[in-house]
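Visitor: Next comes the structure file data-v7.pdb, holding PDB, C-alpha atoms.
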```
ATOM      1  CA  MET A  85     -20.894   6.335 -11.342
ATOM      2  CA  ARG A  86     -20.377   4.968  -7.840
ATOM      3  CA  PRO A  87     -20.979   6.593  -5.473
ATOM      4  CA  ALA A  88     -24.015   8.274  -6.992
ATOM      5  CA  ALA A  89     -24.228  11.098  -4.428
ATOM      6  CA  VAL A  90     -22.265  12.682  -1.592
ATOM      7  CA  LEU A  91     -23.162  14.041   1.838
ATOM      8  CA  LEU A  92     -20.615  16.206   3.652
ATOM      9  CA  ALA A  93     -20.704  17.444   7.245
ATOM     10  CA  PRO A  94     -18.590  20.180   8.847
ATOM     11  CA  GLY A  95     -16.393  20.138  11.909
ATOM     12  CA  SER A  96     -17.623  21.544  15.202
ATOM     13  CA  GLY A  97     -16.170  25.012  14.638
ATOM     14  CA  SER A  98     -17.485  25.588  11.134
ATOM     15  CA  ASP A  99     -20.543  25.176   8.962
ATOM     16  CA  ARG A 100     -21.552  23.851   5.564
ATOM     17  CA  THR A 101     -19.649  26.672   3.821
ATOM     18  CA  HIS A 102     -16.243  25.394   4.991
ATOM     19  CA  HIS A 103     -13.808  25.768   2.086
ATOM     20  CA  THR A 104     -12.795  22.083   2.075
ATOM     21  CA  LEU A 105     -16.411  20.918   1.826
ATOM     22  CA  VAL A 106     -17.064  23.394  -0.989
ATOM     23  CA  ALA A 107     -13.918  22.243  -2.823
ATOM     24  CA  LEU A 108     -14.984  18.599  -2.502
ATOM     25  CA  GLU A 109     -18.486  19.339  -3.778
ATOM     26  CA  THR A 110     -17.063  21.155  -6.799
ATOM     27  CA  ALA A 111     -14.591  18.385  -7.583
ATOM     28  CA  LEU A 112     -17.113  15.554  -7.219
ATOM     29  CA  ALA A 113     -19.715  17.107  -9.541
ATOM     30  CA  PRO A 114     -21.846  16.173 -11.365
ATOM     31  CA  ARG A 115     -22.810  13.889  -8.484
ATOM     32  CA  PRO A 116     -25.492  15.412  -6.296
ATOM     33  CA  CYS A 117     -23.819  16.719  -3.150
ATOM     34  CA  VAL A 118     -25.379  17.967   0.058
ATOM     35  CA  ARG A 119     -23.356  19.950   2.573
ATOM     36  CA  ILE A 120     -25.235  19.953   5.869
ATOM     37  CA  ASP A 121     -25.291  22.097   8.973
ATOM     38  CA  PHE A 122     -25.971  20.691  12.422
ATOM     39  CA  PRO A 123     -28.886  21.986  14.550
ATOM     40  CA  TYR A 124     -26.697  23.883  17.035
ATOM     41  CA  ARG A 125     -25.186  25.899  14.173
ATOM     42  CA  LEU A 126     -28.574  26.657  12.675
ATOM     43  CA  ALA A 127     -29.736  27.843  16.115
ATOM     44  CA  GLY A 128     -26.650  30.050  16.518
ATOM     45  CA  ARG A 129     -25.267  28.095  19.464
ATOM     46  CA  PRO A 130     -21.464  27.779  19.737
ATOM     47  CA  PHE A 131     -21.291  24.248  21.151
ATOM     48  CA  PRO A 132     -22.348  21.006  19.456
ATOM     49  CA  ASP A 133     -25.378  19.006  20.441
ATOM     50  CA  ARG A 134     -24.822  15.541  21.875
ATOM     51  CA  ALA A 135     -23.881  12.759  19.471
ATOM     52  CA  PRO A 136     -27.400  11.240  19.129
ATOM     53  CA  VAL A 137     -28.744  14.556  17.801
ATOM     54  CA  LEU A 138     -25.803  14.965  15.407
ATOM     55  CA  VAL A 139     -26.035  11.368  14.143
ATOM     56  CA  SER A 140     -29.783  11.748  13.664
ATOM     57  CA  THR A 141     -29.121  14.875  11.585
ATOM     58  CA  VAL A 142     -26.835  12.857   9.286
ATOM     59  CA  VAL A 143     -29.377  10.028   8.959
ATOM     60  CA  ASP A 144     -32.224  12.443   8.175
ATOM     61  CA  ALA A 145     -30.105  14.280   5.582
ATOM     62  CA  VAL A 146     -29.193  11.010   3.854
ATOM     63  CA  ARG A 147     -32.858   9.991   3.747
ATOM     64  CA  CYS A 148     -33.804  13.339   2.184
ATOM     65  CA  LEU A 149     -30.976  13.114  -0.357
ATOM     66  CA  CYS A 150     -32.013   9.577  -1.302
ATOM     67  CA  ALA A 151     -35.694  10.479  -1.614
ATOM     68  CA  GLU A 152     -34.891  13.484  -3.802
ATOM     69  CA  HIS A 153     -32.673  11.524  -6.205
ATOM     70  CA  GLY A 154     -34.237   8.043  -6.095
ATOM     71  CA  LEU A 155     -31.216   6.486  -4.397
ATOM     72  CA  GLU A 156     -30.504   4.051  -1.596
ATOM     73  CA  PRO A 157     -28.199   5.018   1.297
ATOM     74  CA  SER A 158     -25.667   2.496  -0.046
ATOM     75  CA  ASP A 159     -25.335   4.770  -3.118
ATOM     76  CA  VAL A 160     -24.205   7.731  -0.992
ATOM     77  CA  LEU A 161     -20.652   8.578   0.058
ATOM     78  CA  LEU A 162     -20.647  10.116   3.536
ATOM     79  CA  GLY A 163     -18.026  12.151   5.256
ATOM     80  CA  GLY A 164     -16.700  15.467   6.268
ATOM     81  CA  ARG A 165     -14.304  17.361   8.441
ATOM     82  CA  SER A 166     -13.413  16.323  11.971
ATOM     83  CA  MET A 167     -16.593  15.999  14.059
ATOM     84  CA  GLY A 168     -18.782  15.887  10.942
ATOM     85  CA  GLY A 169     -16.902  12.894   9.583
ATOM     86  CA  ARG A 170     -17.000  11.244  12.994
ATOM     87  CA  MET A 171     -20.793  11.610  13.135
ATOM     88  CA  CYS A 172     -21.064  10.082   9.664
ATOM     89  CA  SER A 173     -18.948   7.116  10.783
ATOM     90  CA  MET A 174     -21.124   6.698  13.872
ATOM     91  CA  ALA A 175     -24.283   6.741  11.714
ATOM     92  CA  VAL A 176     -22.814   3.976   9.551
ATOM     93  CA  ALA A 177     -21.817   1.988  12.642
ATOM     94  CA  GLU A 178     -25.421   2.280  13.837
ATOM     95  CA  GLY A 179     -26.703   0.754  10.595
ATOM     96  CA  LEU A 180     -26.986   3.538   8.014
ATOM     97  CA  GLY A 181     -25.961   2.238   4.614
ATOM     98  CA  ALA A 182     -23.214   4.062   2.713
ATOM     99  CA  ALA A 183     -20.994   3.639  -0.328
ATOM    100  CA  GLY A 184     -18.038   4.635   1.852
ATOM    101  CA  LEU A 185     -16.697   7.194   4.302
ATOM    102  CA  VAL A 186     -14.317  10.093   3.699
ATOM    103  CA  LEU A 187     -12.966  11.296   7.044
ATOM    104  CA  VAL A 188     -10.880  14.460   6.824
ATOM    105  CA  GLY A 189      -9.036  15.216  10.058
ATOM    106  CA  TYR A 190     -10.732  12.483  12.083
ATOM    107  CA  PRO A 191     -10.666  13.550  15.769
ATOM    108  CA  LEU A 192      -9.369  10.300  17.242
ATOM    109  CA  HIS A 193      -9.008  11.894  20.687
ATOM    110  CA  PRO A 194      -8.964  15.392  22.199
ATOM    111  CA  PRO A 195      -5.568  17.128  21.940
ATOM    112  CA  ARG A 196      -3.126  15.896  24.581
ATOM    113  CA  LYS A 197      -5.628  13.249  25.773
ATOM    114  CA  PRO A 198      -4.756  10.124  23.784
ATOM    115  CA  GLU A 199      -6.419   7.938  26.408
ATOM    116  CA  GLN A 200      -9.850   9.359  25.422
ATOM    117  CA  LEU A 201     -10.232   7.469  22.150
ATOM    118  CA  ARG A 202     -13.303   8.011  19.991
ATOM    119  CA  THR A 203     -13.227   4.572  18.430
ATOM    120  CA  ALA A 204     -15.824   2.436  20.229
ATOM    121  CA  HIS A 205     -17.876   2.235  17.021
ATOM    122  CA  PHE A 206     -15.044   1.350  14.621
ATOM    123  CA  ALA A 207     -15.647  -2.427  14.669
ATOM    124  CA  GLN A 208     -19.190  -1.828  13.358
ATOM    125  CA  VAL A 209     -17.992   0.178  10.334
ATOM    126  CA  GLY A 210     -17.941  -2.203   7.368
ATOM    127  CA  VAL A 211     -17.687   0.168   4.406
ATOM    128  CA  PRO A 212     -14.566   1.428   2.618
ATOM    129  CA  CYS A 213     -12.990   4.329   4.515
ATOM    130  CA  LEU A 214     -10.547   7.034   3.490
ATOM    131  CA  PHE A 215      -8.824   8.917   6.302
ATOM    132  CA  VAL A 216      -7.112  12.142   5.231
ATOM    133  CA  SER A 217      -4.979  13.465   8.081
ATOM    134  CA  GLY A 218      -2.113  15.796   8.734
ATOM    135  CA  THR A 219       1.121  14.352  10.052
ATOM    136  CA  LYS A 220       1.112  17.025  12.789
ATOM    137  CA  ASP A 221      -2.546  16.654  13.827
ATOM    138  CA  ALA A 222      -2.922  17.061  17.621
ATOM    139  CA  PHE A 223      -6.110  14.959  17.470
ATOM    140  CA  ALA A 224      -4.333  11.875  16.036
ATOM    141  CA  THR A 225      -0.753  11.071  15.153
ATOM    142  CA  PRO A 226      -0.234   8.865  12.108
ATOM    143  CA  GLU A 227       0.779   5.992  14.390
ATOM    144  CA  GLU A 228      -2.276   6.393  16.631
ATOM    145  CA  LEU A 229      -4.679   6.584  13.697
ATOM    146  CA  THR A 230      -3.106   3.663  11.843
ATOM    147  CA  THR A 231      -3.335   1.498  14.954
ATOM    148  CA  ALA A 232      -6.907   2.523  15.795
ATOM    149  CA  THR A 233      -8.294   2.025  12.292
ATOM    150  CA  ARG A 234      -7.253  -1.632  12.296
ATOM    151  CA  ALA A 235     -10.496  -2.215  14.226
ATOM    152  CA  ILE A 236     -12.595  -1.092  11.227
ATOM    153  CA  ALA A 237     -14.232  -4.037   9.480
ATOM    154  CA  GLY A 238     -14.175  -2.418   6.019
ATOM    155  CA  PRO A 239     -11.105  -1.599   3.927
ATOM    156  CA  VAL A 240      -9.185   1.449   5.166
ATOM    157  CA  THR A 241      -6.969   3.817   3.196
ATOM    158  CA  HIS A 242      -4.866   6.574   4.742
ATOM    159  CA  HIS A 243      -3.663   9.709   2.999
ATOM    160  CA  TRP A 244      -1.134  11.726   4.992
ATOM    161  CA  VAL A 245      -0.739  15.453   4.465
ATOM    162  CA  GLU A 246       2.899  16.079   5.313
ATOM    163  CA  GLY A 247       3.210  18.825   7.922
ATOM    164  CA  GLY A 248      -0.553  19.333   8.077
ATOM    165  CA  ARG A 249      -2.218  20.174  11.358
ATOM    166  CA  HIS A 250      -5.808  19.342  12.291
ATOM    167  CA  GLU A 251      -7.413  22.210  10.372
ATOM    168  CA  LEU A 252      -5.575  21.262   7.127
ATOM    169  CA  ASP A 253      -5.870  24.815   5.831
ATOM    170  CA  ARG A 254      -4.222  25.424   2.446
ATOM    171  CA  TYR A 255      -4.409  21.720   1.532
ATOM    172  CA  ASP A 256      -7.743  21.585  -0.300
ATOM    173  CA  GLU A 257      -6.116  20.696  -3.625
ATOM    174  CA  GLN A 258      -4.302  17.729  -2.074
ATOM    175  CA  ILE A 259      -7.416  16.619  -0.166
ATOM    176  CA  VAL A 260      -9.577  16.784  -3.296
ATOM    177  CA  ALA A 261      -7.008  14.810  -5.320
ATOM    178  CA  ALA A 262      -6.797  12.127  -2.618
ATOM    179  CA  VAL A 263     -10.568  11.797  -2.391
ATOM    180  CA  ALA A 264     -11.104  11.753  -6.167
ATOM    181  CA  GLY A 265      -8.387   9.141  -6.643
ATOM    182  CA  TRP A 266      -9.793   6.975  -3.871
ATOM    183  CA  ILE A 267     -13.324   7.161  -5.288
ATOM    184  CA  ALA A 268     -12.032   6.158  -8.722
ATOM    185  CA  GLY A 269     -10.766   2.938  -7.136
ATOM    186  CA  LEU A 270     -14.038   1.974  -5.444
TER     187      LEU A 270
END
```
In structure tokens, write the structure found in this file.
Guide:
Amino acid sequence: MRPAAVLLAPGSGSDRTHHTLVALETALAPRPCVRIDFPYRLAGRPFPDRAPVLVSTVVDAVRCLCAEHGLEPSDVLLGGRSMGGRMCSMAVAEGLGAAGLVLVGYPLHPPRKPEQLRTAHFAQVGVPCLFVSGTKDAFATPEELTTATRAIAGPVTHHWVEGGRHELDRYDEQIVAAVAGWIAGL
């Protein structure tokens, strides 16, 4: 059963109880799944820590998950919503092993600032990637995301949620189906 485990991280405005992360955990059972919170959330602060702290949180959580279940990082599927998925992709780019990345609502750039791309690490990502994005996402149009992900060294799959905005509320069933189908093809 590849991947053998899953680690999911929330977006900047939510926590580990986000409905999409819970739906993914439920659908991907019986694989062990860890939904993490970032330190700023645990401390009750409203704004995210800097990327090195967030990436380190992902790396530490993967190490704990692997130690608990006798796995290697390459057995673990990483991903999450928005910023959480981005931090997972940055951890992989920095050398963390992974079975693949599931990036739901990847924040390619801030809204209305397409010149501020968050892609410098893409060329160092060599694992299979699934991007699930809304066609009306202010953080990345389908054209922008398709163009940017060409820099990723690993195979990339896109799933477009027609009419979906960045938050992708009310689309959990479609997201879960896309992720489950993609995993079945790994």
Visitor: CA of Val146 in chain A and CA of Ala261 in chain A are how many Å apart?
Guide: 24.3 Å
Visitor: Of the candidates A:Val106, A:Gly97, A:Leu192, A:Ala207, which shows the shortest atom-to-atom distance to Thr225 in chain A, using all atoms listed in the file?
Guide: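 Closest candidate: A:Leu192.
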Visitor: Would you list the contacts of Val240 in chain A as a PDB file with C-alpha atoms, in the coordinates of the input, taking every protein, DNA or RNA residue within 9 Å and counting all atoms listed in the file, but skipping same-chain residues closer than 4 positions in sequence?
Guide:
```
ATOM      1  CA  VAL A 211     -17.687   0.168   4.406  1.00  0.00           C
ATOM      2  CA  PRO A 212     -14.566   1.428   2.618  1.00  0.00           C
ATOM      3  CA  CYS A 213     -12.990   4.329   4.515  1.00  0.00           C
ATOM      4  CA  LEU A 214     -10.547   7.034   3.490  1.00  0.00           C
ATOM      5  CA  PHE A 215      -8.824   8.917   6.302  1.00  0.00           C
ATOM      6  CA  THR A 233      -8.294   2.025  12.292  1.00  0.00           C
ATOM      7  CA  ARG A 234      -7.253  -1.632  12.296  1.00  0.00           C
ATOM      8  CA  ILE A 236     -12.595  -1.092  11.227  1.00  0.00           C
TER       9      ILE A 236
END
```
Visitor: For Gly169 in chain A, which residue among A:Arg119, A:Lys197, A:Arg254, A:Arg249 is the nearest when counting all atoms listed in the file?
Guide: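 Ranked by minimum distance to Gly169 in chain A, first place goes to A:Arg119.
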Visitor: Return the single residue from A:Glu246, A:Arg86, A:Leu149, A:Ala222 that is closest to Pro195 in chain A, with distances computed using all atoms listed in the file.
Guide: A:Ala222
Visitor: With the file shown as input, list the residues that the PyMOL selection byres ((chain A and resi 95) around 10) selects, as a list of chain:residue names.
Guide: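 So the PyMOL selection byres ((chain A and resi 95) around 10), applied here, picks out A:Ala93, A:Pro94, A:Ser96, A:Gly97, A:Ser98, A:Asp99, A:Arg100, A:His102, A:Asp121, A:Phe122, A:Pro132, A:Gly164, A:Arg165, A:Ser166, A:Met167, A:Gly168, A:Gly169, A:Arg170, A:Met171, A:Val188, A:Gly189, A:Tyr190, A:Pro191, A:Glu251.
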Visitor: Exactly which residues make up the result of the PyMOL selection byres ((chain A and resi 144) around 12) on this file, given as a list in words?
Guide: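 Output from the PyMOL selection byres ((chain A and resi 144) around 12), applied to this file: Leu91, Val118, Ile120, Asp121, Phe122, Pro123, Val137, Leu138, Val139, Ser140, Thr141, Val142, Val143, Ala145, Val146, Arg147, Cys148, Leu149, Cys150, Ala151, Pro157, Cys172, Ala175 and Leu180 of chain A.
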Visitor: Just save range 116-165 of chain A with N, CA and C atoms, as a PDB file, in the first residue's frame.
Guide:
```pdb
ATOM      1  N   PRO A 116      -1.877   5.215   8.305  1.00  0.00           N
ATOM      2  CA  PRO A 116      -1.689   6.187   9.374  1.00  0.00           C
ATOM      3  C   PRO A 116      -1.663   7.595   8.773  1.00  0.00           C
ATOM      4  N   CYS A 117      -2.328   8.520   9.420  1.00  0.00           N
ATOM      5  CA  CYS A 117      -2.380   9.893   8.940  1.00  0.00           C
ATOM      6  C   CYS A 117      -2.176  10.828  10.119  1.00  0.00           C
ATOM      7  N   VAL A 118      -1.311  11.804   9.926  1.00  0.00           N
ATOM      8  CA  VAL A 118      -1.082  12.828  10.938  1.00  0.00           C
ATOM      9  C   VAL A 118      -1.475  14.161  10.332  1.00  0.00           C
ATOM     10  N   ARG A 119      -2.356  14.867  11.035  1.00  0.00           N
ATOM     11  CA  ARG A 119      -2.702  16.242  10.674  1.00  0.00           C
ATOM     12  C   ARG A 119      -1.992  17.127  11.685  1.00  0.00           C
ATOM     13  N   ILE A 120      -1.125  18.010  11.195  1.00  0.00           N
ATOM     14  CA  ILE A 120      -0.305  18.807  12.113  1.00  0.00           C
ATOM     15  C   ILE A 120      -0.843  20.231  12.274  1.00  0.00           C
ATOM     16  N   ASP A 121      -0.396  20.857  13.338  1.00  0.00           N
ATOM     17  CA  ASP A 121      -0.572  22.288  13.541  1.00  0.00           C
ATOM     18  C   ASP A 121       0.811  22.914  13.549  1.00  0.00           C
ATOM     19  N   PHE A 122       0.899  24.151  13.128  1.00  0.00           N
ATOM     20  CA  PHE A 122       2.164  24.877  13.154  1.00  0.00           C
ATOM     21  C   PHE A 122       2.320  25.585  14.493  1.00  0.00           C
ATOM     22  N   PRO A 123       3.568  25.893  14.899  1.00  0.00           N
ATOM     23  CA  PRO A 123       3.813  26.490  16.217  1.00  0.00           C
ATOM     24  C   PRO A 123       3.021  27.767  16.496  1.00  0.00           C
ATOM     25  N   TYR A 124       2.864  28.643  15.511  1.00  0.00           N
ATOM     26  CA  TYR A 124       2.144  29.893  15.771  1.00  0.00           C
ATOM     27  C   TYR A 124       0.691  29.632  16.156  1.00  0.00           C
ATOM     28  N   ARG A 125       0.096  28.597  15.579  1.00  0.00           N
ATOM     29  CA  ARG A 125      -1.287  28.233  15.917  1.00  0.00           C
ATOM     30  C   ARG A 125      -1.359  27.687  17.336  1.00  0.00           C
ATOM     31  N   LEU A 126      -0.407  26.816  17.654  1.00  0.00           N
ATOM     32  CA  LEU A 126      -0.388  26.227  18.993  1.00  0.00           C
ATOM     33  C   LEU A 126      -0.177  27.295  20.070  1.00  0.00           C
ATOM     34  N   ALA A 127       0.550  28.358  19.707  1.00  0.00           N
ATOM     35  CA  ALA A 127       0.807  29.456  20.647  1.00  0.00           C
ATOM     36  C   ALA A 127      -0.315  30.496  20.654  1.00  0.00           C
ATOM     37  N   GLY A 128      -1.305  30.327  19.772  1.00  0.00           N
ATOM     38  CA  GLY A 128      -2.424  31.259  19.717  1.00  0.00           C
ATOM     39  C   GLY A 128      -2.131  32.547  18.973  1.00  0.00           C
ATOM     40  N   ARG A 129      -1.056  32.544  18.177  1.00  0.00           N
ATOM     41  CA  ARG A 129      -0.726  33.740  17.399  1.00  0.00           C
ATOM     42  C   ARG A 129      -1.458  33.688  16.060  1.00  0.00           C
ATOM     43  N   PRO A 130      -1.885  34.844  15.531  1.00  0.00           N
ATOM     44  CA  PRO A 130      -2.658  34.854  14.291  1.00  0.00           C
ATOM     45  C   PRO A 130      -1.813  34.770  13.013  1.00  0.00           C
ATOM     46  N   PHE A 131      -0.534  35.093  13.096  1.00  0.00           N
ATOM     47  CA  PHE A 131       0.273  35.151  11.879  1.00  0.00           C
ATOM     48  C   PHE A 131       1.329  34.052  11.868  1.00  0.00           C
ATOM     49  N   PRO A 132       1.570  33.471  10.699  1.00  0.00           N
ATOM     50  CA  PRO A 132       2.523  32.362  10.593  1.00  0.00           C
ATOM     51  C   PRO A 132       3.953  32.769  10.948  1.00  0.00           C
ATOM     52  N   ASP A 133       4.680  31.767  11.433  1.00  0.00           N
ATOM     53  CA  ASP A 133       6.115  31.914  11.616  1.00  0.00           C
ATOM     54  C   ASP A 133       6.764  32.009  10.242  1.00  0.00           C
ATOM     55  N   ARG A 134       8.030  32.314  10.215  1.00  0.00           N
ATOM     56  CA  ARG A 134       8.781  32.346   8.954  1.00  0.00           C
ATOM     57  C   ARG A 134       8.930  30.927   8.420  1.00  0.00           C
ATOM     58  N   ALA A 135       9.184  30.838   7.118  1.00  0.00           N
ATOM     59  CA  ALA A 135       9.243  29.542   6.438  1.00  0.00           C
ATOM     60  C   ALA A 135      10.196  28.541   7.102  1.00  0.00           C
ATOM     61  N   PRO A 136      11.402  28.911   7.537  1.00  0.00           N
ATOM     62  CA  PRO A 136      12.272  27.891   8.145  1.00  0.00           C
ATOM     63  C   PRO A 136      11.640  27.189   9.356  1.00  0.00           C
ATOM     64  N   VAL A 137      10.893  27.915  10.158  1.00  0.00           N
ATOM     65  CA  VAL A 137      10.221  27.314  11.312  1.00  0.00           C
ATOM     66  C   VAL A 137       9.117  26.367  10.836  1.00  0.00           C
ATOM     67  N   LEU A 138       8.353  26.787   9.843  1.00  0.00           N
ATOM     68  CA  LEU A 138       7.253  25.970   9.329  1.00  0.00           C
ATOM     69  C   LEU A 138       7.775  24.703   8.648  1.00  0.00           C
ATOM     70  N   VAL A 139       8.833  24.846   7.852  1.00  0.00           N
ATOM     71  CA  VAL A 139       9.429  23.679   7.184  1.00  0.00           C
ATOM     72  C   VAL A 139       9.992  22.718   8.221  1.00  0.00           C
ATOM     73  N   SER A 140      10.654  23.243   9.225  1.00  0.00           N
ATOM     74  CA  SER A 140      11.205  22.408  10.291  1.00  0.00           C
ATOM     75  C   SER A 140      10.096  21.635  11.013  1.00  0.00           C
ATOM     76  N   THR A 141       8.943  22.252  11.179  1.00  0.00           N
ATOM     77  CA  THR A 141       7.802  21.588  11.804  1.00  0.00           C
ATOM     78  C   THR A 141       7.368  20.384  10.969  1.00  0.00           C
ATOM     79  N   VAL A 142       7.324  20.557   9.651  1.00  0.00           N
ATOM     80  CA  VAL A 142       6.969  19.445   8.755  1.00  0.00           C
ATOM     81  C   VAL A 142       7.997  18.325   8.873  1.00  0.00           C
ATOM     82  N   VAL A 143       9.274  18.667   8.799  1.00  0.00           N
ATOM     83  CA  VAL A 143      10.344  17.665   8.869  1.00  0.00           C
ATOM     84  C   VAL A 143      10.265  16.895  10.182  1.00  0.00           C
ATOM     85  N   ASP A 144      10.112  17.607  11.297  1.00  0.00           N
ATOM     86  CA  ASP A 144      10.033  16.944  12.602  1.00  0.00           C
ATOM     87  C   ASP A 144       8.815  16.018  12.684  1.00  0.00           C
ATOM     88  N   ALA A 145       7.680  16.457  12.139  1.00  0.00           N
ATOM     89  CA  ALA A 145       6.471  15.634  12.169  1.00  0.00           C
ATOM     90  C   ALA A 145       6.636  14.366  11.332  1.00  0.00           C
ATOM     91  N   VAL A 146       7.301  14.487  10.195  1.00  0.00           N
ATOM     92  CA  VAL A 146       7.558  13.300   9.361  1.00  0.00           C
ATOM     93  C   VAL A 146       8.472  12.334  10.106  1.00  0.00           C
ATOM     94  N   ARG A 147       9.494  12.851  10.737  1.00  0.00           N
ATOM     95  CA  ARG A 147      10.412  11.978  11.501  1.00  0.00           C
ATOM     96  C   ARG A 147       9.669  11.238  12.606  1.00  0.00           C
ATOM     97  N   CYS A 148       8.800  11.934  13.315  1.00  0.00           N
ATOM     98  CA  CYS A 148       8.011  11.293  14.385  1.00  0.00           C
ATOM     99  C   CYS A 148       7.081  10.225  13.817  1.00  0.00           C
ATOM    100  N   LEU A 149       6.400  10.550  12.729  1.00  0.00           N
ATOM    101  CA  LEU A 149       5.499   9.598  12.080  1.00  0.00           C
ATOM    102  C   LEU A 149       6.266   8.346  11.650  1.00  0.00           C
ATOM    103  N   CYS A 150       7.426   8.546  11.050  1.00  0.00           N
ATOM    104  CA  CYS A 150       8.237   7.416  10.587  1.00  0.00           C
ATOM    105  C   CYS A 150       8.724   6.563  11.754  1.00  0.00           C
ATOM    106  N   ALA A 151       9.187   7.210  12.811  1.00  0.00           N
ATOM    107  CA  ALA A 151       9.670   6.471  13.980  1.00  0.00           C
ATOM    108  C   ALA A 151       8.540   5.654  14.611  1.00  0.00           C
ATOM    109  N   GLU A 152       7.364   6.231  14.680  1.00  0.00           N
ATOM    110  CA  GLU A 152       6.227   5.549  15.307  1.00  0.00           C
ATOM    111  C   GLU A 152       5.769   4.326  14.523  1.00  0.00           C
ATOM    112  N   HIS A 153       5.886   4.390  13.189  1.00  0.00           N
ATOM    113  CA  HIS A 153       5.352   3.312  12.346  1.00  0.00           C
ATOM    114  C   HIS A 153       6.422   2.511  11.619  1.00  0.00           C
ATOM    115  N   GLY A 154       7.698   2.735  11.927  1.00  0.00           N
ATOM    116  CA  GLY A 154       8.774   1.986  11.294  1.00  0.00           C
ATOM    117  C   GLY A 154       8.877   2.234   9.804  1.00  0.00           C
ATOM    118  N   LEU A 155       8.727   3.482   9.392  1.00  0.00           N
ATOM    119  CA  LEU A 155       8.733   3.848   7.982  1.00  0.00           C
ATOM    120  C   LEU A 155       9.924   4.737   7.654  1.00  0.00           C
ATOM    121  N   GLU A 156      10.157   4.908   6.378  1.00  0.00           N
ATOM    122  CA  GLU A 156      11.113   5.884   5.867  1.00  0.00           C
ATOM    123  C   GLU A 156      10.308   7.071   5.343  1.00  0.00           C
ATOM    124  N   PRO A 157      10.907   8.271   5.302  1.00  0.00           N
ATOM    125  CA  PRO A 157      10.187   9.416   4.732  1.00  0.00           C
ATOM    126  C   PRO A 157       9.659   9.157   3.314  1.00  0.00           C
ATOM    127  N   SER A 158      10.375   8.359   2.537  1.00  0.00           N
ATOM    128  CA  SER A 158       9.934   8.066   1.170  1.00  0.00           C
ATOM    129  C   SER A 158       8.653   7.230   1.122  1.00  0.00           C
ATOM    130  N   ASP A 159       8.207   6.733   2.286  1.00  0.00           N
ATOM    131  CA  ASP A 159       6.942   5.995   2.383  1.00  0.00           C
ATOM    132  C   ASP A 159       5.756   6.914   2.679  1.00  0.00           C
ATOM    133  N   VAL A 160       6.030   8.201   2.939  1.00  0.00           N
ATOM    134  CA  VAL A 160       5.013   9.117   3.433  1.00  0.00           C
ATOM    135  C   VAL A 160       4.594  10.101   2.341  1.00  0.00           C
ATOM    136  N   LEU A 161       3.293  10.218   2.143  1.00  0.00           N
ATOM    137  CA  LEU A 161       2.713  11.229   1.267  1.00  0.00           C
ATOM    138  C   LEU A 161       2.550  12.501   2.080  1.00  0.00           C
ATOM    139  N   LEU A 162       3.055  13.605   1.562  1.00  0.00           N
ATOM    140  CA  LEU A 162       2.981  14.891   2.257  1.00  0.00           C
ATOM    141  C   LEU A 162       2.048  15.821   1.520  1.00  0.00           C
ATOM    142  N   GLY A 163       1.462  16.731   2.248  1.00  0.00           N
ATOM    143  CA  GLY A 163       0.659  17.738   1.571  1.00  0.00           C
ATOM    144  C   GLY A 163      -0.235  18.489   2.511  1.00  0.00           C
ATOM    145  N   GLY A 164      -1.135  19.226   1.907  1.00  0.00           N
ATOM    146  CA  GLY A 164      -2.069  19.989   2.699  1.00  0.00           C
ATOM    147  C   GLY A 164      -2.661  21.127   1.912  1.00  0.00           C
ATOM    148  N   ARG A 165      -3.283  22.019   2.666  1.00  0.00           N
ATOM    149  CA  ARG A 165      -3.981  23.155   2.093  1.00  0.00           C
ATOM    150  C   ARG A 165      -3.052  24.359   2.025  1.00  0.00           C
TER     151      ARG A 165
END
```
